[in-house]
file entry23.cif (mmCIF, C-alpha atoms)
data_final
loop_
_atom_site.label_atom_id
_atom_site.label_comp_id
_atom_site.auth_asym_id
_atom_site.auth_seq_id
_atom_site.Cartn_x
_atom_site.Cartn_y
_atom_site.Cartn_z
CA MET I 182 -8.23 15.15 -6.46
CA SER I 183 -12.00 15.02 -6.70
CA ILE I 184 -13.63 12.53 -9.02
CA LYS I 185 -15.61 15.30 -10.71
CA GLN I 186 -12.53 17.34 -11.56
CA ASN I 187 -10.74 14.81 -13.73
CA LYS I 188 -11.60 14.10 -17.36
CA LYS I 189 -10.74 10.70 -18.79
CA VAL I 190 -11.95 8.35 -21.51
CA LYS I 191 -15.00 6.54 -20.13
CA ILE I 192 -13.86 3.00 -20.91
CA PHE I 193 -16.04 1.41 -18.21
CA ASN I 194 -19.10 3.55 -18.75
CA GLY I 195 -22.25 1.80 -17.47
CA LEU I 196 -20.36 -0.73 -15.32
CA ASN I 197 -20.45 -1.04 -11.52
CA PHE I 198 -17.27 -1.87 -9.57
CA PHE I 199 -17.24 -3.02 -5.95
CA TYR I 200 -14.13 -2.51 -3.80
CA MET I 201 -13.65 -4.34 -0.51
CA GLY I 202 -11.79 -2.00 1.84
CA LEU I 203 -12.42 -3.47 5.27
CA SER I 204 -9.63 -1.74 7.13
CA LYS I 205 -9.36 0.66 10.05
CA ARG I 206 -5.68 1.24 9.33
CA TRP I 207 -3.94 3.68 7.02
CA GLY I 208 -1.05 2.56 4.88
CA SER I 209 -0.04 1.49 1.38
CA GLU I 210 -3.02 -0.85 1.08
CA GLU I 211 -5.58 1.82 1.90
CA ARG I 212 -3.95 4.39 -0.38
CA THR I 213 -3.92 1.80 -3.18
CA ILE I 214 -7.64 1.21 -2.67
CA LEU I 215 -8.31 4.92 -3.11
CA ARG I 216 -6.13 5.12 -6.23
CA ASP I 217 -7.93 2.13 -7.76
CA CYS I 218 -11.36 3.55 -6.92
CA LEU I 219 -10.50 6.94 -8.39
CA HIS I 220 -9.09 5.47 -11.58
CA ALA I 221 -12.14 3.26 -12.12
CA SER I 222 -14.46 6.21 -11.50
CA ARG I 223 -12.53 8.48 -13.87
CA SER I 224 -12.78 5.68 -16.45
CA GLY I 225 -16.57 5.76 -16.28
CA ALA I 226 -17.43 3.01 -13.77
CA LYS I 227 -19.83 3.55 -10.89
CA VAL I 228 -17.66 2.81 -7.85
CA TYR I 229 -18.79 1.45 -4.50
CA LEU I 230 -16.43 1.05 -1.54
CA TYR I 231 -17.36 -1.41 1.21
CA THR I 232 -15.57 -0.36 4.38
CA TYR I 233 -15.95 0.51 8.05
CA LYS I 234 -17.82 3.62 9.09
CA LYS I 235 -15.61 6.43 10.46
CA SER I 236 -12.42 4.65 9.38
CA LEU I 237 -9.78 6.97 7.93
CA LEU I 238 -10.24 5.21 4.60
CA SER I 239 -13.98 5.97 4.57
CA VAL I 240 -13.43 9.60 5.57
CA ARG I 241 -10.94 10.19 2.77
CA ALA I 242 -12.98 8.20 0.24
CA GLN I 243 -16.12 10.22 0.92
CA ALA I 244 -14.13 13.45 0.67
CA LEU I 245 -13.13 12.31 -2.84
CA GLY I 246 -16.74 11.62 -3.82
CA ILE I 247 -16.60 7.81 -3.58
CA GLU I 248 -19.87 6.20 -2.50
CA CYS I 249 -19.39 4.00 0.57
CA TYR I 250 -21.32 1.14 2.13
CA PHE I 251 -20.47 0.24 5.70
CA HIS I 252 -19.95 -3.12 7.35
CA LYS I 253 -21.31 -3.46 10.87
CA GLY I 254 -19.52 -5.49 13.53
CA LYS I 255 -16.65 -7.88 12.91
CA PHE I 256 -16.16 -9.53 9.56
CA PRO I 257 -16.75 -13.29 9.98
CA THR I 258 -13.81 -15.24 8.57
CA LYS I 259 -14.70 -18.71 9.91
CA PHE I 260 -16.57 -20.89 7.44
CA TYR I 261 -19.41 -21.67 9.83
CA LYS I 262 -20.05 -17.92 10.20
CA TRP I 263 -20.15 -17.05 6.52
CA HIS I 264 -23.95 -17.18 6.54
CA ARG I 265 -23.81 -13.80 8.27
CA LEU I 266 -22.51 -12.31 5.04
CA ARG I 267 -25.66 -12.98 3.04
CA LYS I 268 -26.50 -9.29 3.20
CA LEU I 269 -23.17 -8.50 1.57
CA SER I 270 -23.84 -11.07 -1.13
CA GLN I 271 -27.30 -9.61 -1.72
CA LEU I 272 -25.85 -6.09 -1.84
CA ILE I 273 -23.52 -7.12 -4.66
CA ILE I 274 -26.53 -8.51 -6.53
CA ASP I 275 -28.75 -5.49 -5.83
CA LEU I 276 -26.09 -3.05 -7.04
CA ASN I 277 -25.69 -5.07 -10.24
CA ILE I 278 -21.95 -5.30 -9.70
CA ASN I 279 -19.79 -6.16 -12.72
CA LEU I 280 -16.41 -6.55 -10.97
CA VAL I 281 -15.23 -7.11 -7.37
CA HIS I 282 -11.78 -6.09 -6.14
CA CYS I 283 -10.52 -7.34 -2.76
CA TYR I 284 -7.35 -6.48 -0.79
CA ASP I 285 -7.43 -8.82 2.22
CA ILE I 286 -6.69 -12.56 2.20
CA LYS I 287 -9.12 -13.12 5.08
CA VAL I 288 -11.93 -11.54 3.09
CA ILE I 289 -11.23 -13.32 -0.19
CA TRP I 290 -12.55 -16.74 0.90
CA PRO I 291 -16.20 -15.85 1.61
CA LEU I 292 -16.18 -13.71 -1.54
CA CYS I 293 -15.03 -16.72 -3.55
CA TYR I 294 -17.84 -18.73 -2.02
CA TYR I 295 -20.63 -16.25 -2.66
CA LEU I 296 -19.46 -15.23 -6.14
CA ARG I 297 -19.67 -18.78 -7.46
CA SER I 298 -23.20 -18.11 -8.66
CA LEU I 299 -22.24 -14.80 -10.32
CA SER I 300 -20.27 -16.21 -13.21
CA LEU I 301 -20.06 -12.90 -15.09
CA VAL I 302 -18.36 -11.05 -12.22
CA PRO I 303 -14.52 -11.13 -12.18
CA LEU I 304 -12.86 -11.29 -8.76
CA VAL I 305 -9.53 -9.45 -8.44
CA PHE I 306 -7.20 -9.68 -5.45
CA THR I 307 -4.38 -7.27 -4.57
CA LEU I 308 -1.66 -8.65 -2.30
CA GLY I 309 0.49 -6.12 -0.45
CA GLN I 310 2.43 -8.43 1.86
CA ASP I 311 3.92 -11.91 1.86
CA MET I 312 1.64 -14.58 3.24
CA LYS I 313 2.90 -16.66 6.15
CA LEU I 314 0.04 -19.18 6.23
CA TYR I 315 -0.46 -21.87 3.60
CA TYR I 316 -3.84 -22.22 1.91
CA ARG I 317 -3.24 -25.49 0.07
CA ASN I 318 -5.71 -27.76 1.89
CA PHE I 319 -8.28 -29.42 -0.34
CA TRP I 320 -11.15 -27.12 0.70
CA PHE I 321 -9.26 -24.00 -0.44
CA GLY I 322 -8.71 -25.36 -3.97
CA PRO I 323 -12.25 -24.90 -5.36
CA LEU I 324 -12.50 -21.46 -3.71
CA ILE I 325 -9.21 -20.00 -4.95
CA LYS I 326 -10.08 -20.97 -8.52
CA ARG I 327 -12.75 -18.25 -8.36
CA VAL I 328 -10.01 -15.58 -8.19
CA ASP I 329 -9.44 -14.28 -11.72
CA GLN I 330 -6.27 -12.25 -11.16
CA VAL I 331 -3.82 -11.31 -8.40
CA PHE I 332 -2.12 -7.91 -8.43
CA LEU I 333 1.33 -7.62 -6.82
CA SER I 334 3.38 -4.62 -5.71
CA SER I 335 6.63 -6.55 -6.24
CA LEU I 336 7.77 -9.34 -8.55
CA ALA I 337 9.34 -10.99 -5.50
CA GLN I 338 5.82 -12.04 -4.43
CA VAL I 339 5.14 -14.34 -7.39
CA GLU I 340 6.67 -17.40 -5.72
CA ASN I 341 4.92 -16.58 -2.45
CA VAL I 342 1.53 -16.55 -4.18
CA TRP I 343 2.24 -19.81 -5.99
CA GLY I 344 3.55 -21.56 -2.88
CA HIS I 345 0.91 -20.36 -0.41
CA LEU I 346 -2.19 -20.08 -2.60
CA GLY I 347 -1.48 -22.35 -5.54
CA ILE I 348 -2.19 -19.52 -7.98
CA PRO I 349 0.04 -19.89 -11.07
CA PRO I 350 2.22 -17.00 -12.33
CA ARG I 351 0.00 -16.54 -15.40
CA LYS I 352 -2.76 -15.24 -13.09
CA THR I 353 -0.49 -12.70 -11.37
CA ASP I 354 0.54 -9.24 -12.49
CA PHE I 355 2.99 -6.70 -11.12
CA ILE I 356 1.31 -3.29 -11.36
CA GLY I 357 3.31 -1.13 -8.93
CA PHE I 358 1.73 1.46 -6.64
CA GLY I 359 0.44 4.11 -9.03
CA ILE I 360 2.53 6.88 -7.44
CA SER I 361 1.90 10.28 -8.97
CA THR I 362 4.94 12.54 -8.68
CA VAL I 363 7.11 14.54 -11.05
CA ARG I 364 10.58 15.83 -10.39
CA LYS I 365 10.37 19.60 -10.17
CA ASN I 366 13.28 21.97 -10.47
CA GLU I 367 11.78 25.19 -9.15
CA GLU I 368 13.08 26.71 -5.94
CA ARG I 369 11.46 25.57 -2.73
CA VAL I 370 11.35 27.51 0.50
CA ASN I 371 12.90 25.44 3.26
CA PRO I 372 10.48 24.42 6.04
CA PRO I 373 11.12 25.71 9.59
CA TYR I 374 12.80 22.50 10.72
CA ARG I 375 15.48 22.88 8.05
CA PHE I 376 17.02 25.92 9.71
CA THR I 377 20.68 25.09 9.02
CA GLU I 378 22.74 23.26 6.42
CA LYS I 379 25.04 21.96 9.14
CA ARG I 380 22.71 19.02 9.68
CA PHE I 381 21.54 15.99 7.75
CA TYR I 382 17.75 15.59 7.70
CA ILE I 383 16.36 12.07 8.03
CA GLY I 384 12.60 11.73 7.50
CA THR I 385 10.02 9.06 8.23
CA ASN I 386 6.23 8.93 8.35
CA LEU I 387 3.58 8.10 10.92
CA ASN I 388 -0.01 7.51 9.92
CA GLY I 389 -1.48 9.13 13.03
CA LEU I 390 -3.31 5.97 14.12
CA GLU I 391 -0.51 4.35 16.15
CA THR I 392 -1.35 3.58 19.78
CA ASN I 393 2.15 2.93 21.17
CA THR I 394 5.71 4.11 20.54
CA ARG I 395 7.57 0.79 20.78
CA PHE I 396 8.04 0.65 17.02
CA LEU I 397 10.31 3.71 17.31
CA ASP I 398 12.59 2.34 20.05
CA THR I 399 15.14 0.98 17.57
CA VAL I 400 15.16 4.27 15.68
CA PHE I 401 15.62 6.41 18.79
CA HIS I 402 18.40 4.19 20.13
CA SER I 403 20.23 4.38 16.80
CA PHE I 404 19.62 8.08 16.44
CA ARG I 405 20.96 8.94 19.88
CA VAL I 406 24.30 7.31 19.06
CA MET I 407 24.40 9.10 15.70
CA ILE I 408 23.88 12.47 17.38
CA GLU I 409 26.64 11.79 19.91
CA LYS I 410 29.09 10.90 17.12
CA GLY I 411 28.03 13.35 14.43
CA LEU I 412 29.17 12.85 10.85
CA GLY I 413 32.06 15.01 9.79
CA GLU I 414 31.10 18.60 10.48
CA LYS I 415 27.40 17.86 10.48
CA ASN I 416 24.84 16.56 12.95
CA TYR I 417 21.27 15.35 12.43
CA THR I 418 17.60 16.24 12.61
CA PHE I 419 15.05 13.43 12.64
CA VAL I 420 11.86 14.59 10.90
CA LEU I 421 8.70 12.81 12.12
CA CYS I 422 6.09 13.43 9.41
CA ASN I 423 2.53 12.80 10.61
CA GLU I 424 -0.33 12.66 8.13
CA ARG I 425 -2.71 13.88 10.81
CA ALA I 426 -2.47 16.80 13.23
CA TRP I 427 -0.43 15.83 16.27
CA SER I 428 -3.22 17.12 18.49
CA ASP I 429 -5.49 14.40 17.07
CA CYS I 430 -3.12 11.51 17.89
CA VAL I 431 -3.34 9.48 21.09
CA LEU I 432 0.42 8.88 21.28
CA THR I 433 1.59 12.51 20.98
CA ASP I 434 2.21 13.16 24.69
CA GLU I 435 3.90 9.80 25.16
CA LEU I 436 6.07 10.32 22.11
CA ARG I 437 7.19 13.78 23.19
CA ARG I 438 7.99 12.43 26.65
CA GLN I 439 10.01 9.61 25.11
CA VAL I 440 11.93 12.04 22.91
CA LYS I 441 12.79 14.04 26.03
CA ASP I 442 13.86 10.91 27.92
CA TRP I 443 16.21 9.99 25.07
CA GLY I 444 17.65 13.53 25.11
CA LEU I 445 16.60 14.21 21.52
CA GLU I 446 14.49 17.36 21.95
CA GLU I 447 16.84 19.51 19.85
CA HIS I 448 17.11 16.91 17.11
CA VAL I 449 13.53 15.73 16.48
CA ALA I 450 11.05 17.78 14.43
CA PHE I 451 7.33 16.99 14.81
CA VAL I 452 5.76 17.83 11.44
CA GLY I 453 2.04 17.53 10.85
CA PRO I 454 -0.39 17.39 9.33
CA SER I 455 2.17 16.60 6.66
CA ASP I 456 1.95 16.35 2.91
CA ILE I 457 4.47 13.51 2.76
CA ILE I 458 5.73 14.15 -0.74
CA THR I 459 6.39 17.82 0.02
CA ASP I 460 8.46 16.98 3.08
CA GLN I 461 10.34 14.28 1.18
CA PHE I 462 11.72 16.98 -1.12
CA HIS I 463 13.34 18.65 1.91
CA ILE I 464 15.04 15.69 3.59
CA ASP I 465 18.35 14.02 2.72
CA LEU I 466 17.42 10.43 3.56
CA TRP I 467 14.09 8.62 3.96
CA LEU I 468 13.79 5.96 6.65
CA GLY I 469 11.24 3.18 6.23
CA LEU I 470 9.83 1.75 9.46
CA VAL I 471 8.61 -1.80 10.03
CA ARG I 472 5.18 -2.04 8.40
CA ARG I 473 2.68 -4.79 7.70
CA GLU I 474 3.50 -4.26 4.00
CA ASN I 475 6.76 -5.67 2.71
CA LEU I 476 7.29 -2.47 0.73
CA GLU I 477 5.62 0.84 1.54
CA ASP I 478 4.50 3.16 -1.25
CA TYR I 479 5.99 6.19 0.51
CA ALA I 480 9.45 4.57 0.39
CA VAL I 481 9.21 4.21 -3.40
CA GLN I 482 7.79 7.73 -3.57
CA ALA I 483 10.95 9.01 -1.84
CA LEU I 484 13.04 7.38 -4.57
CA LEU I 485 10.94 9.09 -7.22
CA VAL I 486 11.67 12.49 -5.71
CA GLY I 487 15.37 11.69 -5.69
CA LYS I 488 15.99 10.67 -2.07
CA PRO I 489 17.85 7.50 -1.03
CA ILE I 490 16.09 5.22 1.43
CA VAL I 491 16.87 2.79 4.25
CA LEU I 492 14.30 0.01 4.60
CA PRO I 493 13.69 -3.03 6.80
CA ARG I 494 15.11 -6.12 5.10
CA THR I 495 12.33 -8.01 3.33
CA SER I 496 12.09 -9.96 0.10
CA CYS I 497 10.51 -6.94 -1.60
CA SER I 498 13.05 -4.36 -0.41
CA MET I 499 15.96 -6.59 -1.40
CA ASP I 500 14.36 -7.20 -4.80
CA LEU I 501 13.95 -3.44 -5.24
CA PHE I 502 17.64 -2.69 -4.70
CA GLN I 503 18.73 -5.65 -6.79
CA GLU I 504 16.66 -4.31 -9.66
CA TYR I 505 17.53 -0.60 -9.44
CA GLY I 506 21.01 -0.57 -7.95
CA GLN I 507 22.54 1.64 -5.29
CA VAL I 508 19.47 3.71 -4.43
CA GLY I 509 19.27 2.67 -0.78
CA GLU I 510 20.13 0.10 1.87
CA THR I 511 18.34 -2.43 4.06
CA TYR I 512 18.64 -3.14 7.78
CA LEU I 513 17.55 -5.99 10.01
CA SER I 514 14.37 -5.08 11.88
CA GLY I 515 15.20 -4.32 15.50
CA ASP I 516 18.94 -3.94 14.87
CA SER I 517 19.75 -0.35 15.88
CA ARG I 518 23.45 -0.76 15.14
CA GLU I 519 22.92 -1.84 11.54
CA LEU I 520 20.33 0.89 11.06
CA ARG I 521 22.85 3.50 12.24
CA GLU I 522 25.61 2.12 10.05
CA LYS I 523 23.41 2.09 6.94
CA CYS I 524 22.25 5.68 7.52
CA GLU I 525 25.85 6.81 7.97
CA LEU I 526 26.94 4.87 4.87
CA ILE I 527 24.39 6.63 2.67
CA LEU I 528 24.95 10.11 4.09
CA THR I 529 28.74 9.75 3.79
CA ASN I 530 28.33 8.83 0.11
CA LEU I 531 25.23 10.88 -0.63
CA ALA I 532 26.42 12.05 -4.06
CA VAL I 533 26.92 8.43 -5.18
CA TYR I 534 23.39 7.41 -4.17
CA GLU I 535 21.85 10.51 -5.72
CA SER I 536 23.68 9.79 -8.99
CA SER I 537 22.38 6.22 -8.97
CA LEU I 538 18.86 7.52 -8.30
CA HIS I 539 19.12 9.85 -11.27
CA GLN I 540 20.07 6.93 -13.52
CA SER I 541 17.29 4.71 -12.14
CA PHE I 542 14.51 7.31 -12.18
CA GLN I 543 13.01 6.34 -15.53
CA GLY I 544 12.88 2.64 -14.65
CA LEU I 545 11.38 3.33 -11.22
CA ASN I 546 8.77 5.67 -12.67
CA GLU I 547 7.80 3.20 -15.39
CA ALA I 548 7.43 0.40 -12.83
CA TYR I 549 5.80 2.22 -9.90
CA GLY I 550 4.35 5.36 -11.46
CA GLN I 551 0.75 6.30 -12.07
CA LYS I 552 0.73 5.48 -15.80
CA ARG I 553 1.91 1.87 -15.33
CA HIS I 554 -0.64 1.25 -12.59
CA GLU I 555 -3.62 2.76 -14.39
CA ASP I 556 -2.79 1.22 -17.77
CA SER I 557 -2.46 -2.20 -16.11
CA LEU I 558 -5.75 -1.82 -14.24
CA THR I 559 -7.59 -0.80 -17.39
CA ARG I 560 -6.10 -3.54 -19.54
CA ILE I 561 -6.65 -6.34 -17.02
CA TYR I 562 -10.14 -5.25 -15.96
CA LYS I 563 -11.18 -5.21 -19.64
CA LYS I 564 -9.57 -8.60 -20.27
CA LEU I 565 -11.27 -10.23 -17.26
CA LEU I 566 -14.71 -8.81 -18.08
CA LYS I 567 -14.37 -10.04 -21.65
CA ARG I 568 -13.14 -13.46 -20.53
CA ARG I 569 -16.03 -13.92 -18.10
CA ARG I 570 -18.57 -13.12 -20.84
CA ARG I 571 -16.83 -15.52 -23.22
CA LEU I 572 -16.86 -18.32 -20.63
CA GLN I 573 -20.54 -17.70 -19.97
CA ARG I 574 -21.37 -17.96 -23.66
CA ALA I 575 -19.36 -21.20 -23.91
CA LYS I 576 -21.29 -22.70 -20.98
CA SER I 577 -24.61 -21.66 -22.50
CA LYS I 578 -23.73 -23.33 -25.81
CA LYS I 579 -22.65 -26.46 -24.01
CA SER I 580 -25.91 -26.59 -22.04
CA ARG I 581 -28.01 -26.22 -25.22
CA PHE I 582 -26.00 -28.96 -26.89
CA LEU I 583 -26.54 -31.36 -23.96
CA PHE I 584 -30.27 -30.80 -23.89
#
call {"tool": "encode", "arguments": {"input": "entry23.cif", "output": "C-alpha cells"}}
result
Amino acid sequence: MSIKQNKKVKIFNGLNFFYMGLSKRWGSEERTILRDCLHASRSGAKVYLYTYKKSLLSVRAQALGIECYFHKGKFPTKFYKWHRLRKLSQLIIDLNINLVHCYDIKVIWPLCYYLRSLSLVPLVFTLGQDMKLYYRNFWFGPLIKRVDQVFLSSLAQVENVWGHLGIPPRKTDFIGFGISTVRKNEERVNPPYRFTEKRFYIGTNLNGLETNTRFLDTVFHSFRVMIEKGLGEKNYTFVLCNERAWSDCVLTDELRRQVKDWGLEEHVAFVGPSDIITDQFHIDLWLGLVRRENLEDYAVQALLVGKPIVLPRTSCSMDLFQEYGQVGETYLSGDSRELREKCELILTNLAVYESSLHQSFQGLNEAYGQKRHEDSLTRIYKKLLKRRRRLQRAKSKKSRFLF
C-alpha cells in the first residue's frame, strides 16, 4: 500500500524518524522495517530509511514512497573504525531527526556512541532473534544505557535480552509482527497446483535471494519418504512459494535438478512470484524452514489464515505453542524423521488442529495483528519522545541551579 493512499491521524506531524535498515536479505526483519516505516509515515512523521542501494528492502521501500539514504561499503562494527561513521552521525543531525529505530545488534553500538550528544533523540531497538554473544563487559554498559526501548517479537526473548544485554524487562515490549490479514469466507478459485483433492498440500516460502539449496535437504529427504508411504488414500504436493520470479533466482536450475534427482518432479510445485498470504489460503499445512529469526512472520500469518504449522524448535516457537495450544508442532532442525512424523501427525488430525486454530484466532490476532503492533508503536514512540524532553528540561534546571 502506498503511503499517499492511506489516511490516518497525524500524531507525529512535523517529526522526522530515521530507520536503520542495513540489510541485503529479505525476511521478517526487513518486512517489519517496512511496516514500521509505513505506520510512522501514515501517522504524520517524515520517514528516512538508511539502507543499502539496490537491496530488495530499498527497492520495495522506494516503491512504497519511502525516502532512502544509502550506505556505501561495509558498515564498520569495530570500535576503532567508528570514526568512519561521522557522515552518518552528521546526516542524522542535518535531517533534524527526532527518533532513531535500529534492527541490528551490530549497528546499535556506534549509534549509542554517536547519539550521546543528541539527548532529545530516543533510540529504539527491535530484536528479531536470540543473541548468542554476551555484551556485559564494562565498555558496553555506558553504551547500552543509551537505548530507550527494545521491541520483541516474542515474550520468550525477555530473559535473553536481560542476560545478554543487561537491559531490564521494564525497557522491553512485546509488539508482535503487525500482520494484516482477515479471515475471508468467499469462494476462492483453486490455483493450478491444487488440481486434485486426493493430495495434501504442504507449503513453504523462499525469499528468492538464496544462493544454495542445502537448507532444503532435510525437507526433501523427509518428503520423499512421505510420498513413498502416502497417508491413507492421499499423497502430497510440496508447494515452494517464491516471492520473486523463479527466472530471477540464481538457484532455480540447481533446485529443479535437485528435485529431479530426488524423484519429486510430480510432487513439487514451483510457485512464483507468489503473494504468500494468497497461497497460504490454499495449502493444508505450512512448513517453516530454518531462518535467522527465531520466529518468522509468515509462520504466524499462516496461523491467522487458519492453517496449522510445523516450525524448527526454538524458544520462540515453543513459547508460541505453549501460549496458543495445539495449532502446530515443532521439529529439531536437520532431523528429517521428526519433520516427517510431525507433518503426518498434523495431517492425520487436521480437524483437531483447525478447531484449535479457530479457538485461538482472536488471541493470535490481538497479539500479532496490525492493530496491536501499530498501537504499541504509537504509544511507545510518544512516551519516549515525551520522556526525552522531560529529562532534557530536568538537566537544564539542574545546570542553572549549579551555576
call {"tool": "closest_residue", "arguments": {"input": "entry23.cif", "among": "I:Gln461, I:Thr213, I:Thr511, I:Thr495", "to": "Arg473 in chain I", "atoms": "only C-alpha atoms"}}
result
I:Thr495
call {"tool": "resolve_selection", "arguments": {"input": "entry23.cif", "expression": "the PyMOL selection byres ((chain I and resi 470) around 7)", "output": "PDB file with C-alpha atoms, keeping the file's coordinate frame"}}
result
ATOM      1  CA  LEU I 468      13.790   5.960   6.650  1.00  0.00           C
ATOM      2  CA  GLY I 469      11.240   3.180   6.230  1.00  0.00           C
ATOM      3  CA  VAL I 471       8.610  -1.800  10.030  1.00  0.00           C
ATOM      4  CA  ARG I 472       5.180  -2.040   8.400  1.00  0.00           C
ATOM      5  CA  LEU I 492      14.300   0.010   4.600  1.00  0.00           C
ATOM      6  CA  PRO I 493      13.690  -3.030   6.800  1.00  0.00           C
TER       7      PRO I 493
END
call {"tool": "resolve_selection", "arguments": {"input": "entry23.cif", "expression": "the PyMOL selection byres ((chain I and resi 373) around 12)", "output": "PyMOL selection string"}}
result
chain I and resi 370-372+374-377+418+420+450-452+460+463
call {"tool": "closest_residue", "arguments": {"input": "entry23.cif", "among": "I:Ser361, I:Asn194, I:Ser541, I:Ser239", "to": "Glu555 in chain I", "atoms": "all atoms listed in the file"}}
result
I:Ser361
call {"tool": "atom_distance", "arguments": {"input": "entry23.cif", "atom1": "CA of Gly202 in chain I", "atom2": "CA of Lys235 in chain I"}}
result
12.6 Å
call {"tool": "residues_around", "arguments": {"input": "entry23.cif", "residues": "Ile273 in chain I", "least_positions_apart": "5", "cutoff": "10 Å", "atoms": "only C-alpha atoms", "output": "list in words"}}
result
Asn197, Phe198, Phe199, Tyr229, Arg267, Lys268, Ile278, Asn279, Leu280, Val281, Tyr295, Leu296, Leu299 and Val302 of chain I
call {"tool": "resolve_selection", "arguments": {"input": "entry23.cif", "expression": "the PyMOL selection byres ((chain I and resi 440) around 12)", "output": "ChimeraX atom specification"}}
result
/I:394,397-398,400-402,404-405,419,421,433-439,441-451
call {"tool": "closest_residue", "arguments": {"input": "entry23.cif", "among": "I:Ile286, I:Leu333, I:Leu520, I:Val328", "to": "Pro303 in chain I", "atoms": "all atoms listed in the file"}}
result
I:Val328
call {"tool": "residues_around", "arguments": {"input": "entry23.cif", "residues": "range 504-507 of chain I", "least_positions_apart": "5", "cutoff": "10 Å", "atoms": "all atoms listed in the file", "output": "ChimeraX atom specification"}}
result
/I:489-490,498-499,527,533-538,540-542,544-545
call {"tool": "closest_residue", "arguments": {"input": "entry23.cif", "among": "I:Arg327, I:Gly347, I:Phe358, I:Leu269", "to": "Ile214 in chain I", "atoms": "all atoms listed in the file"}}
result
I:Phe358
call {"tool": "axis_aligned_box", "arguments": {"input": "entry23.cif", "around": "range 379-382 of chain I", "padding_each_side": "6 Å", "output": "JSON"}}
result
{"center_x": 21.4, "center_y": 18.8, "center_z": 8.7, "size_x": 19.3, "size_y": 18.4, "size_z": 14.0}
call {"tool": "residues_around", "arguments": {"input": "entry23.cif", "residues": "Tyr316 in chain I", "least_positions_apart": "6", "cutoff": "10 Å", "atoms": "all atoms listed in the file", "output": "PyMOL selection string"}}
result
chain I and resi 322+325+342+344-347
call {"tool": "closest_residue", "arguments": {"input": "entry23.cif", "among": "I:Pro349, I:Ser403, I:Lys552, I:Lys326", "to": "Glu519 in chain I", "atoms": "only C-alpha atoms"}}
result
I:Ser403
call {"tool": "residues_around", "arguments": {"input": "entry23.cif", "residues": "Gly225 in chain I", "least_positions_apart": "3", "cutoff": "8 Å", "atoms": "all atoms listed in the file", "output": "mmCIF file with C-alpha atoms, in the frame of the given file"}}
result
data_model
loop_
_atom_site.group_PDB
_atom_site.id
_atom_site.type_symbol
_atom_site.label_atom_id
_atom_site.label_comp_id
_atom_site.auth_asym_id
_atom_site.auth_seq_id
_atom_site.Cartn_x
_atom_site.Cartn_y
_atom_site.Cartn_z
ATOM 1 C CA VAL I 190 -11.950 8.350 -21.510
ATOM 2 C CA LYS I 191 -15.000 6.540 -20.130
ATOM 3 C CA ILE I 192 -13.860 3.000 -20.910
ATOM 4 C CA PHE I 193 -16.040 1.410 -18.210
ATOM 5 C CA ASN I 194 -19.100 3.550 -18.750
ATOM 6 C CA GLY I 195 -22.250 1.800 -17.470
ATOM 7 C CA LEU I 196 -20.360 -0.730 -15.320
ATOM 8 C CA ALA I 221 -12.140 3.260 -12.120
ATOM 9 C CA SER I 222 -14.460 6.210 -11.500
#
call {"tool": "residues_around", "arguments": {"input": "entry23.cif", "residues": "Lys415 in chain I", "least_positions_apart": "4", "cutoff": "9 Å", "atoms": "all atoms listed in the file", "output": "ChimeraX atom specification"}}
result
/I:378-381,411
call {"tool": "residues_near_point", "arguments": {"input": "entry23.cif", "point": "(-12.4, -2.5, -1.2)", "cutoff": "8 Å", "atoms": "all atoms listed in the file", "output": "number ranges by chain"}}
result
I: 199-203, 214, 230-232, 282-284
call {"tool": "atom_distance", "arguments": {"input": "entry23.cif", "atom1": "CA of Ile289 in chain I", "atom2": "CA of Val305 in chain I"}}
result
9.3 Å
